[in-house]
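Trainee: start.txt is reproduced below (compact mmCIF, C-alpha atoms (C1' of nucleotides)).
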# COMPACT_ATOMS: atom_id res chain seq x y z
CA MET A 1 -28.20 -33.82 -2.21
CA ALA A 2 -30.35 -32.65 0.65
CA ARG A 3 -30.27 -28.97 1.51
CA LYS A 4 -30.09 -28.21 5.20
CA THR A 5 -32.08 -25.38 6.66
CA GLY A 6 -29.99 -22.25 6.91
CA SER A 7 -27.11 -23.75 4.96
CA HIS A 8 -25.56 -21.38 2.48
CA SER A 9 -21.96 -22.41 2.54
CA GLU A 10 -21.67 -22.66 -1.20
CA ILE A 11 -22.56 -19.02 -1.63
CA THR A 12 -21.36 -17.44 1.61
CA GLY A 13 -17.74 -18.45 1.19
CA PRO A 14 -17.25 -16.64 -2.12
CA ARG A 15 -19.21 -13.66 -0.90
CA ILE A 16 -16.94 -13.35 2.12
CA ARG A 17 -13.90 -13.41 -0.12
CA ALA A 18 -15.39 -10.85 -2.48
CA ALA A 19 -16.31 -8.50 0.35
CA ALA A 20 -12.90 -8.88 1.98
CA LEU A 21 -11.15 -8.17 -1.31
CA THR A 22 -13.07 -4.97 -1.89
CA LEU A 23 -12.76 -3.71 1.67
CA PHE A 24 -9.09 -4.60 2.06
CA ALA A 25 -8.25 -2.84 -1.18
CA ARG A 26 -10.25 0.23 -0.32
CA ASN A 27 -9.34 0.67 3.33
CA GLY A 28 -6.30 -1.48 3.95
CA PHE A 29 -6.06 -4.85 5.64
CA ALA A 30 -5.43 -3.62 9.15
CA ALA A 31 -8.11 -0.96 8.95
CA VAL A 32 -10.86 -3.42 8.07
CA SER A 33 -12.50 -5.36 10.86
CA MET A 34 -14.03 -8.79 10.63
CA ARG A 35 -17.29 -7.14 11.66
CA GLN A 36 -17.17 -4.88 8.60
CA ILE A 37 -16.67 -7.84 6.30
CA ALA A 38 -19.49 -9.74 7.99
CA ALA A 39 -21.82 -6.75 7.70
CA GLU A 40 -21.08 -6.46 3.98
CA VAL A 41 -21.96 -10.11 3.51
CA GLY A 42 -24.98 -9.95 5.79
CA VAL A 43 -23.86 -12.36 8.49
CA GLN A 44 -22.50 -11.96 11.99
CA ALA A 45 -18.76 -11.75 12.62
CA GLY A 46 -18.54 -15.15 14.25
CA ALA A 47 -19.86 -16.85 11.10
CA LEU A 48 -16.74 -15.81 9.17
CA TYR A 49 -14.67 -18.25 11.15
CA LEU A 50 -16.49 -21.14 9.48
CA TYR A 51 -14.71 -20.10 6.30
CA THR A 52 -11.31 -18.96 7.46
CA PRO A 53 -9.23 -19.84 10.50
CA ASP A 54 -8.22 -16.20 10.94
CA LYS A 55 -7.98 -12.84 9.25
CA GLU A 56 -4.48 -13.25 7.88
CA THR A 57 -5.39 -16.51 6.16
CA LEU A 58 -8.30 -14.75 4.51
CA LEU A 59 -5.87 -12.23 3.04
CA PHE A 60 -3.41 -14.91 2.06
CA ASP A 61 -6.07 -16.90 0.22
CA LEU A 62 -7.05 -13.83 -1.77
CA LEU A 63 -3.46 -13.13 -2.78
CA LYS A 64 -2.66 -16.76 -3.54
CA SER A 65 -5.76 -17.17 -5.72
CA HIS A 66 -4.89 -14.01 -7.59
CA MET A 67 -1.33 -15.05 -8.33
CA ASP A 68 -2.31 -18.58 -9.28
CA GLU A 69 -4.93 -17.32 -11.68
CA LEU A 70 -2.57 -14.73 -13.15
CA ILE A 71 0.05 -17.34 -13.96
CA ALA A 72 -2.39 -20.00 -15.11
CA THR A 73 -4.19 -17.59 -17.43
CA TRP A 74 -0.97 -16.44 -19.07
CA ASP A 75 0.35 -19.98 -19.41
CA ALA A 76 -2.90 -21.04 -21.07
CA LEU A 77 -2.46 -18.55 -23.88
CA PRO A 78 -0.90 -19.97 -27.04
CA PRO A 79 2.64 -18.57 -27.27
CA ALA A 80 3.31 -16.21 -30.13
CA ALA A 81 5.99 -17.12 -32.66
CA THR A 82 8.64 -14.46 -32.10
CA PRO A 83 9.93 -12.60 -29.04
CA PRO A 84 8.51 -9.25 -30.18
CA ALA A 85 5.10 -10.84 -30.70
CA ARG A 86 5.38 -12.52 -27.30
CA LEU A 87 6.31 -9.22 -25.70
CA GLU A 88 3.32 -7.51 -27.25
CA ALA A 89 1.07 -10.30 -26.03
CA PHE A 90 2.50 -9.95 -22.54
CA VAL A 91 1.97 -6.20 -22.44
CA ARG A 92 -1.64 -6.48 -23.51
CA PHE A 93 -2.33 -9.45 -21.27
CA HIS A 94 -0.82 -7.85 -18.18
CA ILE A 95 -2.77 -4.63 -18.62
CA GLY A 96 -6.05 -6.37 -19.37
CA PHE A 97 -5.82 -8.96 -16.64
CA ASN A 98 -4.81 -6.46 -14.00
CA LEU A 99 -7.46 -3.93 -14.97
CA ASP A 100 -10.06 -6.63 -14.43
CA ARG A 101 -8.67 -7.21 -10.95
CA ALA A 102 -7.47 -3.83 -9.74
CA ASP A 103 -8.39 -4.61 -6.15
CA ALA A 104 -6.37 -7.81 -6.06
CA VAL A 105 -3.43 -6.14 -7.77
CA PHE A 106 -3.40 -3.34 -5.24
CA LEU A 107 -3.58 -5.83 -2.40
CA SER A 108 -0.82 -7.99 -3.75
CA TYR A 109 1.52 -5.02 -3.81
CA MET A 110 0.46 -3.24 -0.66
CA GLU A 111 -0.55 -5.79 1.92
CA LEU A 112 2.18 -8.36 1.68
CA ARG A 113 3.62 -6.99 4.88
CA ASN A 114 0.60 -8.25 6.77
CA LEU A 115 1.51 -11.85 6.01
CA GLY A 116 3.63 -14.04 8.20
CA PRO A 117 7.04 -15.14 6.84
CA ALA A 118 5.85 -18.41 5.29
CA ASN A 119 2.84 -16.91 3.56
CA PHE A 120 4.93 -13.95 2.44
CA ALA A 121 7.52 -16.24 0.88
CA THR A 122 4.84 -18.15 -1.00
CA ILE A 123 3.42 -15.04 -2.63
CA GLU A 124 6.84 -13.62 -3.39
CA ALA A 125 7.85 -16.84 -5.12
CA LEU A 126 4.74 -16.70 -7.28
CA ARG A 127 5.47 -13.12 -8.20
CA ARG A 128 9.00 -13.96 -9.24
CA ASP A 129 7.62 -16.89 -11.18
CA TYR A 130 5.43 -14.55 -13.15
CA GLU A 131 8.14 -11.95 -13.66
CA ASN A 132 10.46 -14.62 -14.99
CA ARG A 133 8.06 -15.21 -17.86
CA LEU A 134 8.65 -11.65 -19.02
CA GLY A 135 12.34 -12.05 -18.26
CA ALA A 136 12.51 -15.07 -20.57
CA ILE A 137 10.86 -13.16 -23.40
CA LEU A 138 13.38 -10.35 -23.08
CA HIS A 139 16.24 -12.82 -22.86
CA ASP A 140 15.14 -14.70 -25.97
CA GLY A 141 14.61 -11.47 -27.87
CA GLN A 142 18.03 -10.24 -26.86
CA ALA A 143 19.62 -13.48 -28.08
CA ALA A 144 17.76 -13.22 -31.37
CA GLY A 145 18.82 -9.62 -31.86
CA ASP A 146 15.30 -8.26 -31.55
CA PHE A 147 15.90 -6.31 -28.36
CA THR A 148 18.68 -4.36 -26.73
CA ALA A 149 18.25 -4.01 -23.01
CA PRO A 150 21.35 -3.09 -21.02
CA ASP A 151 20.12 -5.28 -18.16
CA ALA A 152 17.39 -7.87 -18.68
CA LYS A 153 16.47 -8.10 -15.00
CA LEU A 154 16.02 -4.34 -14.66
CA ALA A 155 14.09 -4.14 -17.91
CA THR A 156 11.72 -6.78 -16.54
CA LEU A 157 11.09 -4.87 -13.34
CA ALA A 158 10.81 -1.55 -15.14
CA ILE A 159 8.26 -2.84 -17.63
CA ILE A 160 6.16 -4.59 -14.99
CA ALA A 161 6.09 -1.46 -12.83
CA MET A 162 5.09 0.66 -15.80
CA LEU A 163 2.29 -1.68 -16.87
CA THR A 164 0.96 -2.33 -13.39
CA GLY A 165 0.75 1.42 -12.82
CA VAL A 166 -2.20 1.49 -15.19
CA THR A 167 -4.39 0.09 -12.44
CA THR A 168 -3.82 3.18 -10.31
CA TRP A 169 -5.35 5.66 -12.74
CA TYR A 170 -7.47 3.84 -15.33
CA ARG A 171 -11.19 4.40 -15.03
CA GLU A 172 -13.75 2.52 -17.10
CA GLY A 173 -15.57 4.89 -19.43
CA GLY A 174 -12.78 7.44 -19.27
CA ARG A 175 -10.96 9.22 -22.05
CA LEU A 176 -9.22 6.13 -23.38
CA SER A 177 -10.44 2.63 -24.12
CA ARG A 178 -8.52 -0.36 -22.84
CA ASP A 179 -7.36 -1.20 -26.31
CA ARG A 180 -6.08 2.31 -26.85
CA VAL A 181 -4.19 2.16 -23.55
CA GLY A 182 -2.75 -1.17 -24.63
CA ASP A 183 -1.65 0.37 -27.93
CA ILE A 184 0.10 3.27 -26.25
CA TYR A 185 1.88 1.17 -23.66
CA TRP A 186 2.94 -1.36 -26.26
CA ASP A 187 4.43 1.46 -28.30
CA MET A 188 6.45 2.66 -25.33
CA VAL A 189 7.56 -0.79 -24.24
CA ARG A 190 8.50 -1.80 -27.75
CA LYS A 191 10.67 1.25 -28.20
CA SER A 192 12.19 1.06 -24.72
CA VAL A 193 13.86 -2.28 -25.50
CA ALA A 194 14.39 -1.66 -29.19
CA ALA A 195 17.69 -2.75 -30.71
CA MET B 196 16.63 31.36 26.01
CA ALA B 197 16.22 29.45 29.21
CA ARG B 198 15.97 25.71 28.97
CA LYS B 199 13.22 24.20 31.08
CA THR B 200 13.82 21.01 32.98
CA GLY B 201 12.69 17.97 31.04
CA SER B 202 12.04 19.98 27.91
CA HIS B 203 13.10 18.22 24.74
CA SER B 204 10.58 19.51 22.27
CA GLU B 205 13.19 20.48 19.73
CA ILE B 206 14.43 16.93 19.47
CA THR B 207 11.36 14.89 20.36
CA GLY B 208 9.19 16.24 17.56
CA PRO B 209 11.52 15.16 14.75
CA ARG B 210 12.17 11.85 16.44
CA ILE B 211 8.45 11.14 16.59
CA ARG B 212 8.10 11.89 12.90
CA ALA B 213 11.09 9.72 12.03
CA ALA B 214 9.79 6.80 14.06
CA ALA B 215 6.30 7.14 12.63
CA LEU B 216 7.66 7.24 9.09
CA THR B 217 9.64 4.05 9.53
CA LEU B 218 6.91 2.17 11.34
CA PHE B 219 4.11 3.28 9.01
CA ALA B 220 6.14 2.27 5.97
CA ARG B 221 7.10 -1.08 7.40
CA ASN B 222 3.81 -2.14 8.98
CA GLY B 223 1.14 0.10 7.53
CA PHE B 224 -0.56 3.08 9.08
CA ALA B 225 -3.51 1.26 10.60
CA ALA B 226 -1.35 -1.54 11.95
CA VAL B 227 0.91 0.80 13.93
CA SER B 228 -0.29 2.01 17.32
CA MET B 229 0.56 5.28 18.98
CA ARG B 230 2.07 3.20 21.76
CA GLN B 231 4.49 1.59 19.31
CA ILE B 232 5.62 4.94 18.01
CA ALA B 233 6.06 6.23 21.55
CA ALA B 234 8.08 3.16 22.53
CA GLU B 235 10.39 3.67 19.55
CA VAL B 236 11.01 7.26 20.61
CA GLY B 237 11.31 6.39 24.27
CA VAL B 238 8.35 8.35 25.63
CA GLN B 239 4.87 7.41 26.78
CA ALA B 240 1.96 7.40 24.37
CA GLY B 241 0.30 10.44 25.89
CA ALA B 242 3.34 12.56 25.16
CA LEU B 243 2.84 12.17 21.42
CA TYR B 244 -0.23 14.36 21.63
CA LEU B 245 1.94 17.34 22.46
CA TYR B 246 3.23 17.12 18.90
CA THR B 247 0.23 16.05 16.90
CA PRO B 248 -3.50 16.48 17.47
CA ASP B 249 -4.17 12.93 16.28
CA LYS B 250 -2.75 10.01 14.39
CA GLU B 251 -4.06 10.99 10.98
CA THR B 252 -2.48 14.42 11.18
CA LEU B 253 0.83 12.77 11.97
CA LEU B 254 0.55 10.81 8.73
CA PHE B 255 -0.58 13.85 6.78
CA ASP B 256 2.37 15.93 7.98
CA LEU B 257 4.77 13.23 6.85
CA LEU B 258 3.22 13.06 3.39
CA LYS B 259 2.95 16.82 3.01
CA SER B 260 6.57 17.39 3.99
CA HIS B 261 7.68 14.75 1.56
CA MET B 262 5.78 16.20 -1.37
CA ASP B 263 6.82 19.75 -0.56
CA GLU B 264 10.46 18.76 -0.39
CA LEU B 265 10.21 16.73 -3.60
CA ILE B 266 8.85 19.65 -5.55
CA ALA B 267 11.10 22.26 -3.96
CA THR B 268 14.23 20.22 -4.57
CA TRP B 269 13.40 19.68 -8.23
CA ASP B 270 12.49 23.32 -8.73
CA ALA B 271 15.78 24.40 -7.19
CA LEU B 272 17.79 22.55 -9.81
CA PRO B 273 18.98 24.68 -12.72
CA PRO B 274 16.92 23.68 -15.75
CA ALA B 275 18.81 21.99 -18.57
CA ALA B 276 18.82 23.61 -21.99
CA THR B 277 16.88 21.12 -24.10
CA PRO B 278 13.90 18.84 -23.48
CA PRO B 279 15.99 15.67 -23.83
CA ALA B 280 18.49 17.02 -21.30
CA ARG B 281 15.65 18.03 -19.01
CA LEU B 282 14.13 14.57 -19.32
CA GLU B 283 17.42 12.94 -18.42
CA ALA B 284 17.76 15.22 -15.42
CA PHE B 285 14.25 14.33 -14.32
CA VAL B 286 14.86 10.59 -14.60
CA ARG B 287 18.03 10.76 -12.54
CA PHE B 288 16.56 13.17 -10.03
CA HIS B 289 13.41 11.14 -9.47
CA ILE B 290 15.31 7.90 -8.93
CA GLY B 291 17.89 9.46 -6.64
CA PHE B 292 15.49 11.49 -4.55
CA ASN B 293 13.08 8.61 -4.10
CA LEU B 294 15.78 6.10 -3.24
CA ASP B 295 16.86 8.41 -0.43
CA ARG B 296 13.31 8.41 0.89
CA ALA B 297 11.91 4.98 0.11
CA ASP B 298 9.77 4.97 3.25
CA ALA B 299 8.07 8.25 2.41
CA VAL B 300 7.55 7.21 -1.20
CA PHE B 301 5.90 3.99 -0.15
CA LEU B 302 3.69 5.84 2.30
CA SER B 303 2.67 8.47 -0.21
CA TYR B 304 1.44 5.78 -2.57
CA MET B 305 -0.04 3.32 -0.12
CA GLU B 306 -1.53 5.21 2.77
CA LEU B 307 -3.39 8.03 1.09
CA ARG B 308 -6.61 6.18 1.79
CA ASN B 309 -6.14 6.78 5.49
CA LEU B 310 -6.49 10.51 5.03
CA GLY B 311 -9.73 12.42 5.26
CA PRO B 312 -11.08 14.05 2.08
CA ALA B 313 -9.43 17.45 2.62
CA ASN B 314 -6.01 16.07 3.46
CA PHE B 315 -6.28 13.58 0.62
CA ALA B 316 -7.03 16.34 -1.85
CA THR B 317 -4.04 18.35 -0.68
CA ILE B 318 -1.60 15.50 -1.27
CA GLU B 319 -3.17 14.56 -4.58
CA ALA B 320 -2.85 18.13 -5.80
CA LEU B 321 0.84 18.15 -4.90
CA ARG B 322 1.35 14.89 -6.71
CA ARG B 323 -0.31 16.23 -9.85
CA ASP B 324 1.80 19.35 -9.50
CA TYR B 325 4.93 17.26 -9.59
CA GLU B 326 3.75 15.06 -12.43
CA ASN B 327 2.96 18.12 -14.49
CA ARG B 328 6.63 19.04 -14.42
CA LEU B 329 7.41 15.84 -16.30
CA GLY B 330 4.36 16.42 -18.48
CA ALA B 331 5.70 19.84 -19.49
CA ILE B 332 9.05 18.38 -20.46
CA LEU B 333 7.39 15.78 -22.66
CA HIS B 334 5.12 18.40 -24.17
CA ASP B 335 7.98 20.75 -24.98
CA GLY B 336 10.03 17.94 -26.44
CA GLN B 337 7.12 16.82 -28.56
CA ALA B 338 6.68 20.35 -29.89
CA ALA B 339 10.39 20.58 -30.66
CA GLY B 340 10.35 17.26 -32.49
CA ASP B 341 12.59 15.57 -29.93
CA PHE B 342 9.99 13.08 -28.71
CA THR B 343 7.11 11.11 -30.12
CA ALA B 344 4.66 10.02 -27.47
CA PRO B 345 1.22 9.00 -28.68
CA ASP B 346 -0.27 10.47 -25.52
CA ALA B 347 1.68 12.86 -23.32
CA LYS B 348 -0.45 12.28 -20.22
CA LEU B 349 -0.07 8.51 -20.40
CA ALA B 350 3.62 8.77 -21.09
CA THR B 351 3.96 10.87 -17.95
CA LEU B 352 2.18 8.33 -15.80
CA ALA B 353 3.99 5.42 -17.39
CA ILE B 354 7.41 6.93 -16.84
CA ILE B 355 6.69 7.93 -13.25
CA ALA B 356 5.41 4.46 -12.43
CA MET B 357 8.47 2.88 -13.99
CA LEU B 358 10.90 5.13 -12.14
CA THR B 359 9.16 4.95 -8.80
CA GLY B 360 9.20 1.17 -9.03
CA VAL B 361 12.93 1.30 -8.36
CA THR B 362 12.23 1.93 -4.70
CA THR B 363 10.55 -1.46 -4.36
CA TRP B 364 13.57 -3.54 -5.27
CA TYR B 365 16.74 -1.42 -5.00
CA ARG B 366 19.04 -2.35 -2.16
CA GLU B 367 22.11 -0.33 -1.24
CA GLY B 368 25.26 -2.34 -1.84
CA GLY B 369 23.50 -4.65 -4.29
CA ARG B 370 24.51 -5.68 -7.79
CA LEU B 371 24.09 -2.23 -9.32
CA SER B 372 25.15 1.23 -8.22
CA ARG B 373 22.66 4.05 -8.23
CA ASP B 374 24.38 5.66 -11.17
CA ARG B 375 24.23 2.46 -13.14
CA VAL B 376 20.52 2.12 -12.37
CA GLY B 377 20.07 5.71 -13.50
CA ASP B 378 21.93 4.94 -16.73
CA ILE B 379 19.78 1.94 -17.52
CA TYR B 380 16.49 3.64 -16.76
CA TRP B 381 17.49 6.70 -18.72
CA ASP B 382 18.27 4.48 -21.67
CA MET B 383 14.82 2.91 -21.51
CA VAL B 384 12.97 6.17 -20.96
CA ARG B 385 14.85 7.93 -23.72
CA LYS B 386 14.02 5.22 -26.21
CA SER B 387 10.42 4.86 -25.06
CA VAL B 388 9.57 8.41 -26.14
CA ALA B 389 12.02 8.57 -29.06
CA ALA B 390 10.84 10.21 -32.24
C1' DG C 391 -24.65 -22.75 9.16
C1' DT C 392 -25.65 -18.92 11.68
C1' DC C 393 -26.79 -16.51 15.75
C1' DT C 394 -26.05 -14.11 20.37
C1' DA C 395 -23.00 -13.20 23.82
C1' DT C 396 -18.72 -12.55 25.54
C1' DA C 397 -13.79 -13.23 26.90
C1' DG C 398 -9.58 -10.92 26.66
C1' DA C 399 -6.53 -7.81 24.55
C1' DA C 400 -5.47 -3.54 22.57
C1' DA C 401 -6.62 0.67 20.41
C1' DG C 402 -6.99 6.32 20.34
C1' DA C 403 -7.22 9.91 23.14
C1' DT C 404 -7.57 12.66 27.64
C1' DA C 405 -6.84 14.27 32.74
C1' DG C 406 -4.12 15.55 36.22
C1' DA C 407 0.24 14.93 38.93
C1' DC C 408 4.98 16.36 38.82
C1' DG D 409 7.37 18.27 28.63
C1' DT D 410 6.50 13.94 30.27
C1' DC D 411 4.43 10.45 33.13
C1' DT D 412 0.87 7.45 35.14
C1' DA D 413 -3.60 6.17 35.02
C1' DT D 414 -7.71 5.60 32.84
C1' DC D 415 -12.04 6.27 29.94
C1' DT D 416 -14.24 4.45 26.14
C1' DT D 417 -14.33 2.02 22.10
C1' DT D 418 -13.18 -1.54 19.18
C1' DC D 419 -10.85 -5.50 17.92
C1' DT D 420 -10.05 -10.89 17.00
C1' DA D 421 -11.60 -15.01 18.17
C1' DT D 422 -14.38 -18.46 20.72
C1' DA D 423 -18.48 -20.86 23.21
C1' DG D 424 -22.78 -22.50 23.16
C1' DA D 425 -27.77 -22.02 21.78
C1' DC D 426 -30.76 -22.98 17.89
Give the structure from the file, written as C-alpha cells.

Mentor:
Amino acid sequence: MARKTGSHSEITGPRIRAAALTLFARNGFAAVSMRQIAAEVGVQAGALYLYTPDKETLLFDLLKSHMDELIATWDALPPAATPPARLEAFVRFHIGFNLDRADAVFLSYMELRNLGPANFATIEALRRDYENRLGAILHDGQAAGDFTAPDAKLATLAIIAMLTGVTTWYREGGRLSRDRVGDIYWDMVRKSVAA
Amino acid sequence: MARKTGSHSEITGPRIRAAALTLFARNGFAAVSMRQIAAEVGVQAGALYLYTPDKETLLFDLLKSHMDELIATWDALPPAATPPARLEAFVRFHIGFNLDRADAVFLSYMELRNLGPANFATIEALRRDYENRLGAILHDGQAAGDFTAPDAKLATLAIIAMLTGVTTWYREGGRLSRDRVGDIYWDMVRKSVAA
DNA sequence: GTCTATAGAAAGATAGAC
DNA sequence: GTCTATCTTTCTATAGAC
C-alpha cells in the first residue's frame, strides 16, 4: 500500500505506549506530562492525541494489555500433570513473566487509582481471574492431599504477593540468576503449603 | 503560656499531616494538590507553608515518622527466647502494625520516587534497617538448626513482601479476624523456612 | 500524521493585610 | 496563624496550518 509522506502511525503508536510505560512506572502517572511522553518519542504533545483519546485511556490500555497477555501466556502453557507440578510451573512462570515486565507490574499495582470506576473494575476483574488460576491449583492440591493450607484464598494472596515482590529488588546481572531465584522461591512456596 | 488569638498550631500541624497521609495514599502524591489538603483541614493553601517548607518535605516527614515508629515499636518489644518464637513475634507484629497504618505502608512503598536523592536514601536506609531485624532472626535460626532457608536475604524479602501484602486486601469486619490472619500467615511462614 | 499555537484550568509557592 | 490575592509555571486538550 502507498506510504504517505510523514506517516508513521505503525511505529509511533507502539513507541508512545513504550515511552508512557517507562515514564509512568518511573515517575508515577500523575507526575508525567503528555509533553514528557511526546518528547521521549520525538513528537509534539498534540500528536499523542491521534493515538489516545486522553491520558487515562493511555494508562488503561497499558494495564489491560499487560493483564491480557499475562493470562493468555499462562493459559497457553501445557498444564502439568499434578497439582504440585502445576504449582511449581506457576511459581516459575509468575516470576519470569513479571521480571520481563517489571514496569507494567509496578503500574498495575500502583496506578489503578488513577482509573475511572469502569476501567478500574475491568482491570480488577482480570487480576482476580489470574489469581483464581493459582487458587484452583491450591484447591485441587488440597483435595488430592498434596497441600495443607488453612485458607486457600489467603494462601493465594500470600503467594502472589511474595512472588510479585521479586520485581521490586531483582536486578539483571546481580548476585542471583533468574533460575536460582525461581529455585529458592519454589522451595519456600512448596514448603509453605506442604501437607 | 499565653494563647494568641487565632493560633492553632498545636492542632493544625497534625491535622495537615493526617489529611496529607490519607489523600496521598488514596490519590497519589502527585495527584493531590496543596489546595486539596488545605480544604480537608479547613484552612487556605498558603497556611500550609507555615508547617512545611514544600510539598515534598511534607511527604518525607510522613514516611520518616512511619519508619521511625515502625522500628522503635519493634525494638521496644521484649525479645522472645528462641529464633522460632522471635519469627512468630515478627510475623504477628508486622501484620498488626501495618494493618493499623495501611495508608503509610502504601505510601512508603509507592511514593518513594517522589523524593529527592537525599530523602530517598534516608527512607531506604531505614527500610533496610528494619528488614535486617528479620534477617538476623533467620540467620540465628539457621545457625541453631531451627530453619533451613537456601538464601537468608531472599527469604527476608520474600517474607516481608508476603506479610506486607495483607494491607492490600484486609478489610476490618471482613471474613477473618486479625488474629486469624496472623495465625494463617504464621503457619505459612513457619513452614516456608522449616528445616 | 505531525506541527505550531493556544485556550482554559490548575498547580506550587509567596507577599502583605489583619 | 491565617487569609486573600496573585505571580509564574505547567498542565490537558483542541484548532487549524501544512

Trainee: Give me the residues within 10 Å of DT420 in chain D as a PyMOL selection string, counting all atoms listed in the file and dropping any in the same chain fewer than 6 places off.

Mentor: (chain A and resi 33-35+45-46+54-55) or (chain C and resi 398-399)

Trainee: Find the residues of chain D in contact range of chain A, meaning any atom within 10 Å when counting only C-alpha atoms (C1' of nucleotides), and list them as a ChimeraX atom specification.

Mentor: /D:418-422

Trainee: Select residues of chain A: the criterion is any atom within 6 Å of an atom of chain B, counting all atoms listed in the file; output as a list in words.

Mentor: Ala30, Ala31, Ala158, Ala161, Met162, Gly165, Met188, Lys191 and Ser192 of chain A

Trainee: Range 108-115 of chain A, all listed atoms, 6 Å padding on each side: what axis-aligned box centre and edge lengths in Å to one decimal come out, as lines of an AutoDock Vina configuration file?

Mentor:
center_x = 1.4
center_y = -7.5
center_z = 1.5
size_x = 16.4
size_y = 20.6
size_z = 22.6

Trainee: Find the residue from C:DG402, C:DC408, C:DT396, C:DG391 that sits nearest to chain B; use only C-alpha atoms (C1' of nucleotides) when measuring.

Mentor: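 Smallest separation from chain B among the options: C:DG402.
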
Trainee: Could you please tell me, as a PyMOL selection string, which residues of chain C have an atom within 10 Å of chain A when using all atoms listed in the file?

Mentor: chain C and resi 391-394

Trainee: Rounded to one decimal in Å, what is the spacing between CA of Gly377 in chain B and CA of Leu126 in chain A?

Mentor: 27.9 Å

Trainee: To one decimal in Å, tell me the separation between CA of Gly237 in chain B and CA of Phe255 in chain B.

Mentor: 22.4 Å

Trainee: Mind pulling up the distance from CA of Phe24 in chain A to CA of Ala39 in chain A?

Mentor: 14.1 Å

Trainee: Generate N, CA and C atoms for range 20-35 of chain A and emit them as an mmCIF file, keeping the file's coordinate frame.

Mentor:
data_model
loop_
_atom_site.group_PDB
_atom_site.id
_atom_site.type_symbol
_atom_site.label_atom_id
_atom_site.label_comp_id
_atom_site.auth_asym_id
_atom_site.auth_seq_id
_atom_site.Cartn_x
_atom_site.Cartn_y
_atom_site.Cartn_z
ATOM 1 N N ALA A 20 -14.220 -9.141 1.382
ATOM 2 C CA ALA A 20 -12.900 -8.880 1.980
ATOM 3 C C ALA A 20 -11.974 -8.229 0.963
ATOM 4 N N LEU A 21 -12.012 -8.725 -0.264
ATOM 5 C CA LEU A 21 -11.150 -8.170 -1.310
ATOM 6 C C LEU A 21 -11.436 -6.688 -1.514
ATOM 7 N N THR A 22 -12.692 -6.359 -1.655
ATOM 8 C CA THR A 22 -13.070 -4.970 -1.890
ATOM 9 C C THR A 22 -12.687 -4.082 -0.710
ATOM 10 N N LEU A 23 -13.020 -4.529 0.485
ATOM 11 C CA LEU A 23 -12.760 -3.710 1.670
ATOM 12 C C LEU A 23 -11.266 -3.576 1.949
ATOM 13 N N PHE A 24 -10.537 -4.660 1.835
ATOM 14 C CA PHE A 24 -9.090 -4.600 2.060
ATOM 15 C C PHE A 24 -8.442 -3.629 1.075
ATOM 16 N N ALA A 25 -8.854 -3.706 -0.176
ATOM 17 C CA ALA A 25 -8.250 -2.840 -1.180
ATOM 18 C C ALA A 25 -8.594 -1.379 -0.922
ATOM 19 N N ARG A 26 -9.812 -1.152 -0.490
ATOM 20 C CA ARG A 26 -10.250 0.230 -0.320
ATOM 21 C C ARG A 26 -9.704 0.851 0.953
ATOM 22 N N ASN A 27 -9.671 0.088 2.034
ATOM 23 C CA ASN A 27 -9.340 0.670 3.330
ATOM 24 C C ASN A 27 -8.050 0.153 3.947
ATOM 25 N N GLY A 28 -7.505 -0.899 3.376
ATOM 26 C CA GLY A 28 -6.300 -1.480 3.950
ATOM 27 C C GLY A 28 -6.638 -2.624 4.886
ATOM 28 N N PHE A 29 -5.796 -3.628 4.863
ATOM 29 C CA PHE A 29 -6.060 -4.850 5.640
ATOM 30 C C PHE A 29 -6.272 -4.558 7.115
ATOM 31 N N ALA A 30 -5.359 -3.840 7.702
ATOM 32 C CA ALA A 30 -5.430 -3.620 9.150
ATOM 33 C C ALA A 30 -6.602 -2.729 9.550
ATOM 34 N N ALA A 31 -7.038 -1.903 8.620
ATOM 35 C CA ALA A 31 -8.110 -0.960 8.950
ATOM 36 C C ALA A 31 -9.491 -1.587 8.822
ATOM 37 N N VAL A 32 -9.565 -2.759 8.254
ATOM 38 C CA VAL A 32 -10.860 -3.420 8.070
ATOM 39 C C VAL A 32 -11.069 -4.458 9.160
ATOM 40 N N SER A 33 -12.217 -4.392 9.802
ATOM 41 C CA SER A 33 -12.500 -5.360 10.860
ATOM 42 C C SER A 33 -13.316 -6.525 10.317
ATOM 43 N N MET A 34 -13.235 -7.629 11.002
ATOM 44 C CA MET A 34 -14.030 -8.790 10.630
ATOM 45 C C MET A 34 -15.521 -8.430 10.684
ATOM 46 N N ARG A 35 -15.879 -7.566 11.586
ATOM 47 C CA ARG A 35 -17.290 -7.140 11.660
ATOM 48 C C ARG A 35 -17.722 -6.421 10.380
#
